[in-house]
Protein chains: 4
Amino acid sequence: MAGSVFGTMFKISTWGESHGKGIGVVVDGCPAGIPLCEEDIQVYLNRRRPGQNRYTTARSEADAVEIMSGVFEGKTTGTPISLIVLNKDQRSRDYGSISELYRPGHADYPYDMKYGFRDYRGGGRSSGRETIGRVAAGAIAMKMLSELGITVKAYVSAIGPVSIDRSRMDLSLTEESPLRMPDLDATERAQQYLEECMRALDSSGGVVECVAEHLPAGLGEPVFDKLDANLARAVMSIGAVKAVEIGDGTLVSSRRGSQNNDGYTTDAEGKPVKASNHSGGILGGISDGAPLFLRASFKPTASIAQVQTMLGRDGKCHDESIHGRHDPLIVTRAVVVVEAMTALTIADHLLMAMSSKMENIKKVYGADNGTDQ
Amino acid sequence: MAGSVFGTMFKISTWGESHGKGIGVVVDGCPAGIPLCEEDIQVYLNRRRPGQNRYTTARSEADAVEIMSGVFEGKTTGTPISLIVLNKDQRSRDYGSISELYRPGHADYPYDMKYGFRDYRGGGRSSGRETIGRVAAGAIAMKMLSELGITVKAYVSAIGPVSIDRSRMDLSLTEESPLRMPDLDATERAQQYLEECMRALDSSGGVVECVAEHLPAGLGEPVFDKLDANLARAVMSIGAVKAVEIGDGTLVSSRRGSQNNDGYTTDAEGKPVKASNHSGGILGGISDGAPLFLRASFKPTASIAQVQTMLGRDGKCHDESIHGRHDPLIVTRAVVVVEAMTALTIADHLLMAMSSKMENIKKVYGADNGTDQ
Amino acid sequence: MAGSVFGTMFKISTWGESHGKGIGVVVDGCPAGIPLCEEDIQVYLNRRRPGQNRYTTARSEADAVEIMSGVFEGKTTGTPISLIVLNKDQRSRDYGSISELYRPGHADYPYDMKYGFRDYRGGGRSSGRETIGRVAAGAIAMKMLSELGITVKAYVSAIGPVSIDRSRMDLSLTEESPLRMPDLDATERAQQYLEECMRALDSSGGVVECVAEHLPAGLGEPVFDKLDANLARAVMSIGAVKAVEIGDGTLVSSRRGSQNNDGYTTDAEGKPVKASNHSGGILGGISDGAPLFLRASFKPTASIAQVQTMLGRDGKCHDESIHGRHDPLIVTRAVVVVEAMTALTIADHLLMAMSSKMENIKKVYGADNGTDQ
Amino acid sequence: MAGSVFGTMFKISTWGESHGKGIGVVVDGCPAGIPLCEEDIQVYLNRRRPGQNRYTTARSEADAVEIMSGVFEGKTTGTPISLIVLNKDQRSRDYGSISELYRPGHADYPYDMKYGFRDYRGGGRSSGRETIGRVAAGAIAMKMLSELGITVKAYVSAIGPVSIDRSRMDLSLTEESPLRMPDLDATERAQQYLEECMRALDSSGGVVECVAEHLPAGLGEPVFDKLDANLARAVMSIGAVKAVEIGDGTLVSSRRGSQNNDGYTTDAEGKPVKASNHSGGILGGISDGAPLFLRASFKPTASIAQVQTMLGRDGKCHDESIHGRHDPLIVTRAVVVVEAMTALTIADHLLMAMSSKMENIKKVYGADNGTDQ
């Protein structure tokens with residue numbers, strides 16, 4: 001069964017393994033007439049690239065993207081846009097025992113059960129390197145959204161026990177922080193925590209939050225293709241995510257209705273405004289015009305250098321450690337992945353919602369249908 | 001855009017409004033040869049029916065299901081199964097101001113923005129009554145899963161500030177508790193809390209958890225149709241859900257890898273077993289054979305009788321209260337809805353995963369392909 | 001696997017068997033704001049209803065449609081529209097041998113191979129009665145198309161060896177002809193031919209043609225969702241259709257390019273017009289603004305009263321005749337089914353094509369995105 | 001809207017333009033464990049390659065395919081298989097007037113109407129070169145089918161007025177004929193006809209037929225995903241196809257039921273066999289175990305060197321001829337494309353039909369579900 005295809009109207013199909021020839025994505029359904037060049041995509045890929053600092057894997061990859069189709073004279077043509085990133089650093093090495101062991105926290109065991117065998121080199125298709133396709137496609141979605149003034153921005157809000165202080169949070173600082181935390185003080189404390197984890201040959205979990213602004217109200221389709229439902233799928237599909245929250249998320253369960261409902265109030269000019277945004281910009285699965293807010297909880301990197309008890313293909317327990325250098329945390333590089341999945345979902349919903357009412361259809365096809373040709 | 005269709009192989013299409021003629025669902029893709037009668041479905045519908053106790057709306061509905069097609073001589077035929085529940089209690093009443101106001105926490109405003117107008121009677125399509133279609137279809141999925149020995153059971157783990165005590169939790173008590181909490185002591189405390197909420201004309205949020213057991217390993221499709229991604233979508237699409245967690249959920253973000261990885265150990269008979277199940281039975285988006293665990297956080301019922309400041313279609317603020325009797329909490333009746341969405345997702349993935357390997361295909365088509373007819 | 005769902009944006013899900021409780025369809029994705037009442041649908045159903053004349057089965061069915069959801073205050077709401085037609089005349093009778101025999105030209109054998117058994121009453125799901133769902137949904141598509149001035153009209157162009165004379169053809173006569181041939185002279189000759197067939201306990205094949213006018217240019221998606229490709233699927237999915245042609249169809253294979261290309265010429269007012277329409281209004285799979293033309297070849301009714309040699313479930317040959325009265329031809333009642341499938345396909349493509357270019361998207365979402373609510 | 005994606009379970013996504021960097025396809029949903037190497041695909045691509053003889057364009061392309069992902073240690077892994085063919089011969093030339101004219105019989109006008117502009121170099125995405133993606137993916141489908149003993153073979157049955165003699169037809173001769181006609185005498189006459197066309201700066205239409213053998217009975221999903229319906233879509237989506245016929249196709253319309261029904265008879269050993277195969281192996285949209293037969297009518301190449309009257313973007317008529325060397329016929333190179341689309345459709349239906357009955361599902365998941373891990 002195909003599982004690497006995402007979206008209904010703005011549809012992407014990703015491919016590639018960690019240690020194969022490359023990673024890529026085909027974007028089908030992108031409207032014609034959007035200015036697009038490789039640099040538009042590269043800036044996003046650079047944000048997820050390894051080797052950015054000491055908390056990311058030392059694998060050396062330029063991750064240079066090439067547009068293979070779908071763009072002509074600097075604009076999208078409406079036909080499929082194929083993007084490719086070749087793998088440079090696919091050092092041939094001895095995978096030896098790894099191919100015979102199921103690493104804890106990894107997809108090794110389920111892949112073997114599902115397919116009968118697996119590409120064990122660097123995790124194959126289940127590697128985090130798979131997200132290159134998401135980010136590259138997400139950059140195109142982002143470009144489309146920007147034509148309508150919509151913005152999508154993610155950041156790290158917590159690493160292990162260290163959380164940002166919301167009173168001090170400043171999104172303009174996100175990219176300045178080596179950990180992408182929009183609070184430089186928290187960044188410092190998180191760095192100390194990470195050093196400690198690394199010394200203990202351990203890794204840390206974390207939280208990524210994402211805000212999308214200037215969405216039109218009316219995006220999302222009742223009842224199964226709700227905007228929040230599709231965002232949940234999109235974000236949960238990122239490796240290592242174990243929870244997705246919309247708006248106030250898990251907090252709502254302990255609240256009363258009078259605390260949780262977003263009532264209205266009047267602003268300085270007497271205009272009605274939402275007095276709060278507990279809903280995170282989505283009501284009944286449909287955007288309400290307020291900023292969209294979501295949160296994703298990432299588990300710690302599963303690959304750690306400590307000795308762990310693993311199951312072998314031989315059906316026996318083995319005490320082994322996983323060699324190689326791995327990121328001690330996922331969230332910093334995942335920020336741009338969360339942005340990408342959010343942008344892809346919103347882009348898809350924008351196209352889907354165009355046919356919500358006959359009025360919209362008449363706007364597009366107007367009065368000049370049919371010719372006598 | 002169609003949004004009321006769910007599933008790829010085991011596909012359901014729901015319809016109906018709170019105050020229309022009825023609610024229904026068409027299940028297409030259910031395999032042939034499964035024994036099915038109306039009673040199999042009715043038992044699930046009875047668990048979500050209103051009027052079960054003083055915490056559920058007094059609307060009087062038998063919610064009797066009728067199978068219109070797809071079953072012959074007591075077995076599914078492989079063709080679409082159409083299920084209908086007629087609305088009995090659709091009291092004509094004066095909706096007056098409600099049709100001109102956007103209720104806080106409800107989908108009124110987004111629906112108007114999206115469609116240009118809305119069926120304002122009882123929330124129309126955004127009513128919780130929509131879940132009848134889910135539960136009816138879910139009952140069929142459950143029946144299919146039971147043929148393979150798979151079970152799916154949900155329960156309430158928290159209501160407002162009251163949580164169950166996991167050391168005392170006993171799933172066999174769930175249906176004995178009027179609140180579906182598998183801990184009768186917590187049930188009592190939650191009842192007291194709800195009485196307090198009701199006196200204050202208020203409502204309460206809560207948490208539903210769900211466990212599925214005896215799934216084969218290998219369900220879930222990388223990378224976007226991961227089992228957890230599709231479960232997240234399925235459960236988040238239930239009205240009022242604001243967070244979905246898999247396994248240990250949000251807790252993983254503050255953990256270290258050594259704490260979160262599920263290693264192996266040896267049981268009494270020397271057989272290797274997972275030493276823990278933080279992953280909730282899913283690794284890399286694919287079932288690993290361990291029990292699947294998920295959690296959904298529900299917001300408090302949005303309809304409360306207190307006066308609230310609402311936005312009107314006239315663009316002005318209005319202080320109004322919502323008349324009518326409403327459930328003070330959603331979770332108790334939602335238990336069976338969470339089970340249904342979980343069962344539907346697993347059923348769909350079971351059918352999808354059949355073609356994972358050539359070996360499976362040969363099992364089905366064997367050696368006797370093609371005849372000389 | 002679900003196979004009773006059609007369409008991407010304008011999506012329909014049909015259900016029901018010949019001798020079950022009824023037949024129905026759920027239309028999901030119909031834009032909001034289209035005026036719709038039961039009579040709009042009934043007029044189409046009446047055209048496919050049995051008992052219209054001596055060439056159609058005597059089964060007595062009113063085929064009265066009921067709208068169960070999706071319409072409020074006389075307009076579509078954008079949510080699923082559920083339509084139901086109850087079966088009245090499901091005479092309980094002895095199916096005896098039929099349940100043990102595979103009728104020639106019928107789906108009996110493949111159904112048994114596929115599902116392990118079948119609903120043998122009147123053909124079950126493979127009965128022509130299944131087309132009620134198509135026609136009912138098609139009526140809604142037609143209503144949407146009419147809002148844009150698009151028309152879809154089908155007619156019978158041949159019955160057995162009798163073809164209409166194109167120089168005399170007049171589409172305004174179609175519904176006056178008891179056979180729906182837009183040529184009353186051909187109608188008469190076809191009637192004589194049919195009497196002869198009936199006397200010989202035999203049936204006749206025929207041809208249905210369909211013209212859609214005033215389509216905007218630009219409908220159809222390269223490369224697999226071409227307008228003609230999806231029309232071919234839609235029309236071939238009608239039982240008994242064995243060939244689908246677009247424009248000049250099979251004739252093009254014996255032509256030269258210079259004969260087949262549609263060049264341009266200048267009309268009386270000096271305006272360029274297509275000098276011919278061999279392409280049938282579709283070039284490269286996309287509508288070119290000229291009238292869309294397609295043709296479907298129907299096989300003769302498979303049920304004939306002559307003795308035939310059938311295969312039995314016992315693996316032996318049996319000489320048997322099929323009892324019951326059956327239509328001696330399919331095409332006359334199929335005219336409205338071809339119209340329905342054509343309208344559904346065009347409607348779906350209209351919604352799909354809205355997002356072809358960024359310019360259209362800006363027309364819908366304009367400059368007023370995002371509010372401060 | 002995405003239109004370059006085909007298939008539900010065995011899903012392909014093609015990309016690329018005639019004069020872009022390359023052409024490719026991502027195959028998602030191919031089962032794991034099928035032996036696959038580049039040569040398996042190359043043999044099919046070689047059959048559609050230009051420059052094979054004087055009737056095919058002189059464009060010099062090796063069309064060498066590269067497998068970028070989804071294969072490990074010589075076997076498919078179950079994850080997406082990305083295939084790329086780089087364009088070598090993309091001579092930069094002056095497209096001058098072509099970019100301002102709508103060529104008769106080409107998609108130029110509809111593309112401009114749809115997207116606002118187009119990649120006019122060599123037809124861009126509407127070029128026949130797009131079929132490389134189909135053929136490459138089809139080769140993988142073919143490989144899968146061969147594991148079950150299913151074969152798919154196409155050939156040219158007519159070119160212009162020259163048809164093969166069915167009494168002399170021998171499929172083992174197809175690839176020996178430079179025109180892929182399985183009748184060497186007809187080949188010679190067709191060659192003479194083509195020389196005449198070429199001298200007249202003209203082109204010729206033709207017919208391709210395709211036979212698939214050893215399919216299991218039971219493939220095809222009622223009512224819209226019938227096997228013949230999806231084949232019709234698949235084949236009609238090939239550029240230049242204007243008619244698709246299944247079994248006896250258009251001939252059935254002039255027949256009587258007694259002539260068209262496939263009755264049974266007894267073979268030499270007393271075993272019941274179909275006495276005929278007018279149905280082409282499909283009844284009620286489902287394979288009946290007999291050989292599947294389909295026919296596609298191709299229009300003549302639209303690009304001819306004669307002067308034609310074209311519409312310009314300036315809204316005026318222009319008398320112009322199209323420069324460059326083009327194939328005088330399409331069918332010979334299209335044979336492998338028809339095979340590919342047929343194989344892809346059958347492969348998809350094989351995977352879909354696995355879940356037709358509960359019995360099949362138990363064959364795959366057996367009794368050993370769920371482990372205690």
# chains A, B, ... in the order shown; residues from 1 in each chain; ligands from 1

call {"tool": "residues_around", "arguments": {"residues": "Thr131 of chain C", "least_positions_apart": "6", "cutoff": "10 Å", "atoms": "only C-alpha atoms", "output": "PDB file with N, CA, C and O atoms, in the first residue's frame"}}
result
ATOM      1  N   THR C  14     -22.554   5.243  -3.654  1.00  0.00           N
ATOM      2  CA  THR C  14     -23.872   4.623  -3.870  1.00  0.00           C
ATOM      3  C   THR C  14     -23.981   3.299  -3.127  1.00  0.00           C
ATOM      4  O   THR C  14     -22.979   2.682  -2.783  1.00  0.00           O
ATOM      5  N   TRP C  15     -25.209   2.871  -2.898  1.00  0.00           N
ATOM      6  CA  TRP C  15     -25.444   1.607  -2.195  1.00  0.00           C
ATOM      7  C   TRP C  15     -26.781   1.030  -2.640  1.00  0.00           C
ATOM      8  O   TRP C  15     -27.620   1.735  -3.191  1.00  0.00           O
ATOM      9  N   GLY C  16     -26.975  -0.245  -2.354  1.00  0.00           N
ATOM     10  CA  GLY C  16     -28.289  -0.850  -2.576  1.00  0.00           C
ATOM     11  C   GLY C  16     -28.300  -1.969  -3.589  1.00  0.00           C
ATOM     12  O   GLY C  16     -27.529  -1.977  -4.542  1.00  0.00           O
ATOM     13  N   ILE C  23     -32.357   1.722  -2.571  1.00  0.00           N
ATOM     14  CA  ILE C  23     -31.150   2.131  -3.279  1.00  0.00           C
ATOM     15  C   ILE C  23     -30.885   3.567  -2.853  1.00  0.00           C
ATOM     16  O   ILE C  23     -31.825   4.334  -2.649  1.00  0.00           O
ATOM     17  N   GLY C  24     -29.622   3.940  -2.735  1.00  0.00           N
ATOM     18  CA  GLY C  24     -29.369   5.309  -2.334  1.00  0.00           C
ATOM     19  C   GLY C  24     -27.986   5.782  -2.705  1.00  0.00           C
ATOM     20  O   GLY C  24     -27.180   5.040  -3.284  1.00  0.00           O
ATOM     21  N   LEU C  45     -34.999  10.655 -12.389  1.00  0.00           N
ATOM     22  CA  LEU C  45     -35.315   9.264 -12.043  1.00  0.00           C
ATOM     23  C   LEU C  45     -36.490   8.749 -12.869  1.00  0.00           C
ATOM     24  O   LEU C  45     -36.503   7.582 -13.275  1.00  0.00           O
ATOM     25  N   ARG C  48     -35.490   7.097 -16.089  1.00  0.00           N
ATOM     26  CA  ARG C  48     -34.910   5.737 -16.090  1.00  0.00           C
ATOM     27  C   ARG C  48     -35.852   4.691 -15.488  1.00  0.00           C
ATOM     28  O   ARG C  48     -35.565   3.507 -15.500  1.00  0.00           O
ATOM     29  N   ARG C 125     -26.333  -6.484  -6.302  1.00  0.00           N
ATOM     30  CA  ARG C 125     -25.649  -5.209  -6.532  1.00  0.00           C
ATOM     31  C   ARG C 125     -25.299  -5.011  -8.004  1.00  0.00           C
ATOM     32  O   ARG C 125     -25.057  -3.890  -8.447  1.00  0.00           O
ATOM     33  N   ALA C 137     -27.683  11.226  -8.085  1.00  0.00           N
ATOM     34  CA  ALA C 137     -26.526  12.097  -7.848  1.00  0.00           C
ATOM     35  C   ALA C 137     -26.262  12.964  -9.077  1.00  0.00           C
ATOM     36  O   ALA C 137     -25.923  14.150  -8.969  1.00  0.00           O
ATOM     37  N   ILE C 238     -20.759   1.899 -16.368  1.00  0.00           N
ATOM     38  CA  ILE C 238     -22.186   1.584 -16.478  1.00  0.00           C
ATOM     39  C   ILE C 238     -22.297   0.153 -16.995  1.00  0.00           C
ATOM     40  O   ILE C 238     -21.661  -0.208 -17.992  1.00  0.00           O
ATOM     41  N   GLY C 239     -23.071  -0.670 -16.334  1.00  0.00           N
ATOM     42  CA  GLY C 239     -23.215  -2.063 -16.752  1.00  0.00           C
ATOM     43  C   GLY C 239     -23.583  -2.144 -18.220  1.00  0.00           C
ATOM     44  O   GLY C 239     -24.363  -1.329 -18.722  1.00  0.00           O
ATOM     45  N   ALA C 334     -30.961   3.803 -20.456  1.00  0.00           N
ATOM     46  CA  ALA C 334     -29.586   4.159 -20.090  1.00  0.00           C
ATOM     47  C   ALA C 334     -29.218   5.588 -20.482  1.00  0.00           C
ATOM     48  O   ALA C 334     -28.203   6.120 -20.018  1.00  0.00           O
ATOM     49  N   VAL C 336     -30.357   8.437 -19.617  1.00  0.00           N
ATOM     50  CA  VAL C 336     -30.220   9.345 -18.477  1.00  0.00           C
ATOM     51  C   VAL C 336     -29.059   8.931 -17.573  1.00  0.00           C
ATOM     52  O   VAL C 336     -28.479   9.757 -16.862  1.00  0.00           O
ATOM     53  N   VAL C 337     -28.672   7.668 -17.635  1.00  0.00           N
ATOM     54  CA  VAL C 337     -27.515   7.215 -16.850  1.00  0.00           C
ATOM     55  C   VAL C 337     -26.231   7.773 -17.467  1.00  0.00           C
ATOM     56  O   VAL C 337     -25.320   8.208 -16.755  1.00  0.00           O
ATOM     57  N   VAL C 338     -26.167   7.768 -18.791  1.00  0.00           N
ATOM     58  CA  VAL C 338     -24.992   8.340 -19.470  1.00  0.00           C
ATOM     59  C   VAL C 338     -24.911   9.839 -19.181  1.00  0.00           C
ATOM     60  O   VAL C 338     -23.836  10.374 -18.889  1.00  0.00           O
ATOM     61  N   ALA C 340     -26.014  11.299 -16.560  1.00  0.00           N
ATOM     62  CA  ALA C 340     -25.631  11.440 -15.146  1.00  0.00           C
ATOM     63  C   ALA C 340     -24.129  11.275 -14.961  1.00  0.00           C
ATOM     64  O   ALA C 340     -23.473  12.095 -14.303  1.00  0.00           O
ATOM     65  N   MET C 341     -23.564  10.229 -15.563  1.00  0.00           N
ATOM     66  CA  MET C 341     -22.132   9.987 -15.377  1.00  0.00           C
ATOM     67  C   MET C 341     -21.308  11.099 -16.025  1.00  0.00           C
ATOM     68  O   MET C 341     -20.244  11.484 -15.506  1.00  0.00           O
TER      69      MET C 341
ATOM     70  N   VAL D 223     -19.102  -0.557  -7.950  1.00  0.00           N
ATOM     71  CA  VAL D 223     -19.671  -0.382  -9.251  1.00  0.00           C
ATOM     72  C   VAL D 223     -18.876   0.612 -10.096  1.00  0.00           C
ATOM     73  O   VAL D 223     -19.025   0.625 -11.309  1.00  0.00           O
TER      74      VAL D 223
END

call {"tool": "select_by_dssp", "arguments": {"residues": "segment 140-241 of chain B", "states": "helix (DSSP H, G or I)", "output": "MDAnalysis selection string"}}
result
chainID B and resid 140:146 171:176 184:199 227:236

call {"tool": "residues_around", "arguments": {"residues": "Tyr264 of chain B", "least_positions_apart": "6", "cutoff": "8 Å", "atoms": "only C-alpha atoms", "output": "compact mmCIF listing (two decimals) with N, CA, C and O atoms, in the first residue's frame"}}
result
# COMPACT_ATOMS: atom_id res chain seq x y z
N THR A 309 19.52 -3.61 25.85
CA THR A 309 19.16 -4.99 25.56
C THR A 309 18.21 -5.01 24.36
O THR A 309 17.12 -4.45 24.41
N MET A 310 18.70 -5.62 23.29
CA MET A 310 17.95 -5.62 22.04
C MET A 310 17.50 -7.04 21.70
O MET A 310 18.11 -8.01 22.12
N LEU A 311 16.45 -7.09 20.89
CA LEU A 311 16.00 -8.37 20.38
C LEU A 311 16.75 -8.61 19.06
O LEU A 311 16.96 -7.70 18.27
N CYS A 317 17.89 -12.24 23.19
CA CYS A 317 18.28 -10.93 23.69
C CYS A 317 19.79 -10.73 23.53
O CYS A 317 20.57 -11.67 23.73
N PRO B 272 12.17 -13.64 25.12
CA PRO B 272 12.38 -12.19 25.17
C PRO B 272 11.04 -11.46 25.13
O PRO B 272 10.15 -11.83 24.35
N VAL B 273 10.87 -10.47 25.97
CA VAL B 273 9.66 -9.63 25.97
C VAL B 273 10.06 -8.17 26.13
O VAL B 273 11.10 -7.87 26.70
N LYS B 274 9.22 -7.28 25.59
CA LYS B 274 9.47 -5.86 25.77
C LYS B 274 9.42 -5.55 27.25
O LYS B 274 8.48 -5.94 27.95
N ALA B 275 10.42 -4.85 27.73
CA ALA B 275 10.48 -4.55 29.16
C ALA B 275 9.53 -3.42 29.53
O ALA B 275 9.23 -3.20 30.70
N SER B 276 9.07 -2.68 28.54
CA SER B 276 8.12 -1.58 28.77
C SER B 276 7.39 -1.33 27.46
O SER B 276 7.69 -1.94 26.43

call {"tool": "interface_residues", "arguments": {"of": "chain D", "to": "chain A", "cutoff": "6 Å", "atoms": "only C-alpha atoms", "output": "list in words"}}
result
Met1, Ala2, Met9, Trp15, Gly16, Lys21, Asp28, Gly29, Ala32, Met68, Ser69, Pro80 and Tyr115 of chain D

call {"tool": "write_last_selection", "arguments": {"atoms": "all heavy atoms", "output": "compact mmCIF listing (two decimals), in the first residue's frame"}}
result
# COMPACT_ATOMS: atom_id res chain seq x y z
N MET D 1 -4.86 21.04 -9.18
CA MET D 1 -5.28 19.67 -8.81
C MET D 1 -4.26 18.67 -9.37
O MET D 1 -3.84 18.76 -10.51
CB MET D 1 -6.67 19.40 -9.41
CG MET D 1 -7.11 17.96 -9.40
SD MET D 1 -7.36 17.25 -7.74
CE MET D 1 -7.23 15.51 -8.12
N ALA D 2 -3.90 17.72 -8.54
CA ALA D 2 -2.97 16.69 -8.95
C ALA D 2 -3.63 15.78 -9.98
O ALA D 2 -4.72 15.32 -9.79
CB ALA D 2 -2.56 15.87 -7.73
N MET D 9 -3.72 1.35 -4.76
CA MET D 9 -2.80 0.60 -3.91
C MET D 9 -1.41 0.58 -4.53
O MET D 9 -0.41 0.77 -3.87
CB MET D 9 -3.29 -0.84 -3.78
CG MET D 9 -4.64 -0.98 -3.15
SD MET D 9 -4.62 -0.52 -1.42
CE MET D 9 -3.74 -1.94 -0.73
N TRP D 15 6.35 12.56 -13.55
CA TRP D 15 6.74 13.96 -13.68
C TRP D 15 7.65 14.12 -14.89
O TRP D 15 8.19 13.14 -15.40
CB TRP D 15 7.44 14.44 -12.41
CG TRP D 15 8.67 13.65 -12.01
CD1 TRP D 15 8.70 12.57 -11.18
CD2 TRP D 15 10.02 13.86 -12.46
NE1 TRP D 15 9.99 12.10 -11.07
CE2 TRP D 15 10.82 12.87 -11.84
CE3 TRP D 15 10.64 14.78 -13.31
CZ2 TRP D 15 12.20 12.78 -12.05
CZ3 TRP D 15 12.01 14.69 -13.52
CH2 TRP D 15 12.77 13.70 -12.90
N GLY D 16 7.80 15.34 -15.33
CA GLY D 16 8.77 15.63 -16.37
C GLY D 16 8.20 16.16 -17.67
O GLY D 16 7.07 15.83 -18.05
N LYS D 21 14.71 18.69 -17.57
CA LYS D 21 15.92 17.95 -17.22
C LYS D 21 15.77 16.44 -17.34
O LYS D 21 16.74 15.73 -17.49
CB LYS D 21 16.34 18.29 -15.78
CG LYS D 21 16.86 19.72 -15.64
CD LYS D 21 17.45 19.93 -14.26
CE LYS D 21 17.92 21.38 -14.10
NZ LYS D 21 18.28 21.67 -12.70
N ASP D 28 4.75 3.90 -5.62
CA ASP D 28 4.56 3.68 -4.19
C ASP D 28 3.47 2.62 -3.99
O ASP D 28 2.40 2.72 -4.57
CB ASP D 28 4.15 4.99 -3.51
CG ASP D 28 4.23 4.90 -1.99
OD1 ASP D 28 4.84 3.95 -1.48
OD2 ASP D 28 3.70 5.80 -1.33
N GLY D 29 3.78 1.62 -3.23
CA GLY D 29 2.80 0.56 -2.99
C GLY D 29 3.19 -0.76 -3.63
O GLY D 29 2.43 -1.71 -3.58
N ALA D 32 6.92 -5.70 -1.13
CA ALA D 32 8.32 -6.02 -0.88
C ALA D 32 8.64 -7.43 -1.36
O ALA D 32 7.76 -8.28 -1.45
CB ALA D 32 8.61 -5.93 0.62
N MET D 68 16.50 5.03 -8.18
CA MET D 68 17.04 5.91 -7.15
C MET D 68 16.73 5.45 -5.72
O MET D 68 17.36 5.91 -4.78
CB MET D 68 16.47 7.33 -7.33
CG MET D 68 16.77 7.96 -8.66
SD MET D 68 18.54 8.25 -8.95
CE MET D 68 18.82 9.62 -7.80
N SER D 69 15.73 4.61 -5.57
CA SER D 69 15.32 4.20 -4.22
C SER D 69 14.42 2.98 -4.28
O SER D 69 13.96 2.59 -5.34
CB SER D 69 14.56 5.33 -3.52
OG SER D 69 13.32 5.55 -4.16
N PRO D 80 8.88 3.52 -1.55
CA PRO D 80 8.76 4.08 -2.90
C PRO D 80 9.98 3.82 -3.79
O PRO D 80 11.12 3.99 -3.37
CB PRO D 80 8.61 5.59 -2.65
CG PRO D 80 8.05 5.68 -1.27
CD PRO D 80 8.66 4.55 -0.51
N TYR D 115 -3.83 27.16 -17.50
CA TYR D 115 -2.76 27.60 -16.60
C TYR D 115 -2.34 29.05 -16.78
O TYR D 115 -1.53 29.56 -16.02
CB TYR D 115 -1.53 26.70 -16.80
CG TYR D 115 -1.77 25.24 -16.47
CD1 TYR D 115 -1.64 24.24 -17.43
CD2 TYR D 115 -2.12 24.86 -15.17
CE1 TYR D 115 -1.84 22.91 -17.12
CE2 TYR D 115 -2.33 23.53 -14.86
CZ TYR D 115 -2.18 22.55 -15.83
OH TYR D 115 -2.40 21.23 -15.52

call {"tool": "select_by_dssp", "arguments": {"residues": "segment 143-368 of chain D", "states": "strand (DSSP E or B)", "output": "JSON, numbers by chain"}}
result
{"D": [151, 152, 153, 154, 155, 156, 157, 158, 159, 162, 163, 204, 206, 207, 208, 209, 210, 211, 212, 213, 221, 225, 241, 242, 243, 244, 245, 246, 256, 264, 265, 266, 272, 273, 274, 282, 283, 286, 287, 292, 293, 294, 295, 296, 297, 298, 308, 309, 310, 311, 312, 317, 318, 319, 320, 329, 357]}

call {"tool": "residues_around", "arguments": {"residues": "Val364 of chain C", "least_positions_apart": "4", "cutoff": "12 Å", "atoms": "only C-alpha atoms", "output": "list in words"}}
result
Leu148, Pro216, Gly218, Leu350, Leu351, Met352, Ala353, Met354, Ser355, Ser356, Lys357, Met358, Glu359, Asn360, Ile361, Lys362, Lys363, Val364, Tyr365 and Gly366 of chain A; Lys114 of chain B; Met354, Ser355, Lys357, Met358, Glu359, Asn360, Asp368 and Asn369 of chain C

call {"tool": "residues_around", "arguments": {"residues": "Ala343 of chain D", "least_positions_apart": "5", "cutoff": "10 Å", "atoms": "only C-alpha atoms", "output": "list in words"}}
result
Val135, Ala137, Gly138, Ala139, Ile140, Ala141, Met142, Lys143, Met144, Leu145, Ile150, Thr151, Val152, Lys153, Ala212, Leu231, Ala234, Val337, Val338, Asp348 and His349 of chain D

call {"tool": "atom_distance", "arguments": {"atom1": "atom CA of Asp112 of chain C", "atom2": "atom CA of Ala217 of chain D"}}
result
9.3 Å
